[in-house]
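File shown here: work09.pdb, holding PDB, C-alpha atoms.
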MODEL        1
ATOM      1  CA  GLN A 820      -0.888  -3.891  16.717
ATOM      2  CA  LEU A 821      -2.594  -6.169  14.218
ATOM      3  CA  SER A 822      -0.148  -8.670  12.831
ATOM      4  CA  LEU A 823       0.209 -12.117  11.331
ATOM      5  CA  VAL A 824       2.901 -14.612  12.197
ATOM      6  CA  ASP A 825       3.876 -17.346   9.735
ATOM      7  CA  SER A 826       5.554 -20.482  11.025
ATOM      8  CA  GLY A 827       6.263 -24.115  10.279
ATOM      9  CA  GLY A 828       8.544 -23.945   7.289
ATOM     10  CA  GLY A 829      11.551 -26.178   6.895
ATOM     11  CA  LEU A 830      13.102 -28.899   4.800
ATOM     12  CA  ALA A 831      11.076 -31.694   3.259
ATOM     13  CA  ARG A 832      11.886 -34.505   0.847
ATOM     14  CA  PRO A 833      10.133 -34.765  -2.501
ATOM     15  CA  GLY A 834       6.885 -36.610  -1.912
ATOM     16  CA  GLY A 835       6.883 -35.580   1.735
ATOM     17  CA  SER A 836       4.590 -33.379   3.791
ATOM     18  CA  LEU A 837       4.864 -30.206   5.768
ATOM     19  CA  LYS A 838       2.436 -27.885   7.503
ATOM     20  CA  VAL A 839       2.778 -24.128   7.663
ATOM     21  CA  SER A 840       0.671 -21.997   9.960
ATOM     22  CA  CYS A 841      -0.539 -18.446  10.240
ATOM     23  CA  MET A 842      -1.505 -16.959  13.577
ATOM     24  CA  SER A 843      -3.036 -13.542  14.130
ATOM     25  CA  LEU A 844      -2.139 -11.220  16.963
ATOM     26  CA  GLY A 845      -4.523  -8.533  18.094
ATOM     27  CA  PHE A 846      -7.524  -9.541  16.007
ATOM     28  CA  SER A 847      -9.622 -12.516  14.972
ATOM     29  CA  ILE A 848      -8.116 -13.994  11.837
ATOM     30  CA  HIS A 849     -11.407 -15.667  10.957
ATOM     31  CA  ASP A 850     -13.182 -12.327  10.497
ATOM     32  CA  TYR A 851     -11.263 -11.913   7.250
ATOM     33  CA  ASN A 852     -10.634 -13.835   4.085
ATOM     34  CA  ILE A 853      -7.270 -15.542   4.399
ATOM     35  CA  GLY A 854      -4.935 -16.051   1.509
ATOM     36  CA  TRP A 855      -1.738 -18.059   1.158
ATOM     37  CA  PHE A 856       0.930 -16.960  -1.254
ATOM     38  CA  ARG A 857       4.422 -18.083  -2.076
ATOM     39  CA  GLN A 858       7.475 -16.624  -3.718
ATOM     40  CA  ALA A 859      10.217 -18.745  -5.172
ATOM     41  CA  PRO A 860      13.696 -17.286  -5.675
ATOM     42  CA  GLY A 861      13.756 -15.041  -8.716
ATOM     43  CA  LYS A 862      10.025 -15.391  -9.340
ATOM     44  CA  PRO A 863       7.029 -13.184  -8.600
ATOM     45  CA  ARG A 864       4.773 -13.906  -5.651
ATOM     46  CA  GLU A 865       1.851 -16.151  -6.555
ATOM     47  CA  GLY A 866      -1.432 -16.888  -4.840
ATOM     48  CA  ILE A 867      -1.996 -20.557  -4.059
ATOM     49  CA  ALA A 868      -4.991 -20.846  -1.728
ATOM     50  CA  CYS A 869      -7.638 -18.846   0.071
ATOM     51  CA  ILE A 870     -10.649 -19.291   2.312
ATOM     52  CA  SER A 871     -13.515 -16.861   2.692
ATOM     53  CA  SER A 872     -14.519 -15.606   6.082
ATOM     54  CA  PHE A 873     -18.301 -15.852   5.913
ATOM     55  CA  ASP A 874     -19.049 -18.995   3.893
ATOM     56  CA  LYS A 875     -15.683 -20.755   4.263
ATOM     57  CA  ASN A 876     -15.431 -21.199   0.515
ATOM     58  CA  VAL A 877     -11.968 -22.319  -0.509
ATOM     59  CA  ASN A 878     -10.018 -21.878  -3.716
ATOM     60  CA  TYR A 879      -6.746 -23.478  -4.711
ATOM     61  CA  ALA A 880      -4.402 -22.691  -7.555
ATOM     62  CA  SER A 881      -4.076 -25.505 -10.060
ATOM     63  CA  SER A 882      -0.429 -25.939  -9.073
ATOM     64  CA  VAL A 883      -1.388 -27.098  -5.564
ATOM     65  CA  LYS A 884      -4.957 -28.395  -5.902
ATOM     66  CA  GLY A 885      -5.289 -31.901  -4.568
ATOM     67  CA  ARG A 886      -2.009 -31.643  -2.657
ATOM     68  CA  PHE A 887      -2.484 -28.691  -0.305
ATOM     69  CA  THR A 888      -5.325 -28.301   2.188
ATOM     70  CA  LEU A 889      -6.420 -25.376   4.328
ATOM     71  CA  SER A 890      -7.624 -25.976   7.854
ATOM     72  CA  SER A 891      -8.864 -23.632  10.526
ATOM     73  CA  ASP A 892      -7.797 -23.623  14.164
ATOM     74  CA  ASN A 893     -10.303 -21.483  16.006
ATOM     75  CA  ALA A 894      -8.819 -22.152  19.432
ATOM     76  CA  LYS A 895      -5.443 -20.760  18.379
ATOM     77  CA  ASN A 896      -6.809 -18.044  16.107
ATOM     78  CA  ALA A 897      -4.811 -19.594  13.304
ATOM     79  CA  MET A 898      -5.025 -21.068   9.823
ATOM     80  CA  HIS A 899      -2.918 -23.990   8.645
ATOM     81  CA  LEU A 900      -1.818 -25.027   5.182
ATOM     82  CA  GLN A 901      -1.121 -28.755   5.030
ATOM     83  CA  MET A 902       1.167 -29.569   2.122
ATOM     84  CA  THR A 903       1.527 -33.127   0.829
ATOM     85  CA  SER A 904       3.194 -34.770  -2.166
ATOM     86  CA  LEU A 905       5.708 -31.962  -2.131
ATOM     87  CA  LYS A 906       7.776 -31.244  -5.212
ATOM     88  CA  PRO A 907      11.063 -29.364  -5.592
ATOM     89  CA  GLU A 908       9.140 -26.631  -7.393
ATOM     90  CA  ASP A 909       7.181 -26.002  -4.177
ATOM     91  CA  THR A 910      10.356 -24.508  -2.721
ATOM     92  CA  ALA A 911       9.495 -20.931  -1.794
ATOM     93  CA  THR A 912       8.825 -18.537   1.032
ATOM     94  CA  TYR A 913       5.200 -18.935   2.067
ATOM     95  CA  TYR A 914       3.108 -16.009   3.273
ATOM     96  CA  CYS A 915      -0.362 -15.709   4.691
ATOM     97  CA  ALA A 916      -2.408 -12.560   4.378
ATOM     98  CA  THR A 917      -5.779 -11.231   5.430
ATOM     99  CA  SER A 918      -8.184  -9.362   3.215
ATOM    100  CA  LEU A 919      -9.022  -5.693   3.018
ATOM    101  CA  ARG A 920     -12.602  -6.321   4.140
ATOM    102  CA  LYS A 921     -14.272  -8.529   6.716
ATOM    103  CA  TYR A 922     -16.798 -11.298   6.275
ATOM    104  CA  GLY A 923     -16.258 -12.094   2.619
ATOM    105  CA  ALA A 924     -18.527 -14.703   1.071
ATOM    106  CA  THR A 925     -15.974 -15.670  -1.565
ATOM    107  CA  CYS A 926     -12.221 -15.313  -1.751
ATOM    108  CA  SER A 927      -9.619 -14.681  -4.386
ATOM    109  CA  ILE A 928      -5.905 -15.411  -4.633
ATOM    110  CA  ASN A 929      -5.326 -11.981  -6.127
ATOM    111  CA  MET A 930      -2.751 -10.198  -3.983
ATOM    112  CA  ASP A 931      -4.479  -6.852  -4.463
ATOM    113  CA  GLU A 932      -7.305  -7.999  -2.206
ATOM    114  CA  TYR A 933      -5.021  -8.464   0.818
ATOM    115  CA  ASP A 934      -3.383  -5.815   2.903
ATOM    116  CA  ASN A 935      -2.074  -7.466   6.058
ATOM    117  CA  TRP A 936       0.809  -9.899   5.529
ATOM    118  CA  GLY A 937       2.811 -12.299   7.616
ATOM    119  CA  GLN A 938       6.593 -12.233   7.531
ATOM    120  CA  GLY A 939       6.859 -15.453   5.555
ATOM    121  CA  THR A 940       8.276 -18.893   6.308
ATOM    122  CA  LEU A 941      10.726 -20.732   4.065
ATOM    123  CA  VAL A 942       9.915 -24.172   2.680
ATOM    124  CA  VAL A 943      12.637 -26.121   0.907
ATOM    125  CA  VAL A 944      11.849 -29.349  -0.907
ATOM    126  CA  SER A 945      15.004 -31.227  -1.741
ATOM    127  CA  SER A 946      16.472 -34.696  -1.608
TER     128      SER A 946
ENDMDL
END
Rewrite the coordinates I just gave you, this time as structure tokens.
Amino acid sequence: QLSLVDSGGGLARPGGSLKVSCMSLGFSIHDYNIGWFRQAPGKPREGIACISSFDKNVNYASSVKGRFTLSSDNAKNAMHLQMTSLKPEDTATYYCATSLRKYGATCSINMDEYDNWGQGTLVVVSS
């Protein structure tokens, strides 16, 4: 079974940091483009970051650029999203996903390009 496992969510203070992770089971996560998405209560899911498989190009949504950073963990077959300078509006369930196709040179944060999703991990930013 090919699956993704999201982890690392929790409670953070405004201005604080948190890292969420995505681990693949049954396949190499780095063969695919990886996207991170989030869904706040009552809002649609939005794409916030992605990294391409082949060239490791990264894209960030303007809402998180400069605050969130993707990093790869080849040994653990995982991808991490380091979140800093957190704001209350970052409160959401965070999901990773892998792309429809392997070895992409560029990536997009369009949900339609991803077909394998983690279960999500909740991040709450509150004082």
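Atom to atom, atom CA of A:Gly827 and atom CA of A:Tyr913 stand 9.8 Å apart.
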message = From the options A:Ser826, A:Asn935, A:Ser927, A:Thr903, which residue's atoms come nearest to A:Glu865, counting only C-alpha atoms?
response = A:Ser927
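Among A:Ser836, A:Ser847, A:Thr910, A:Ser890, the residue with the shortest atom-to-atom distance to A:Leu941, counting all atoms listed in the file, is A:Thr910.
Among the candidates A:Cys915, A:Ala880, A:Ile870, A:Met898, the one nearest to A:Thr940 when counting only C-alpha atoms is A:Cys915.
Distances here use all atoms listed in the file; by that measure, the residue among A:Ser946, A:Ser871, A:Ser882, A:Thr917 closest to A:Met902 is A:Ser882.
The interatomic distance for the pair atom CA of A:Gly866 and atom CA of A:Asp892 works out to 21.1 Å.
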ask   = Mind telling me what the PyMOL selection byres ((chain A and resi 874) around 10) catches here, as a ChimeraX atom specification?
value = /A:852,870-873,875-877,922-926
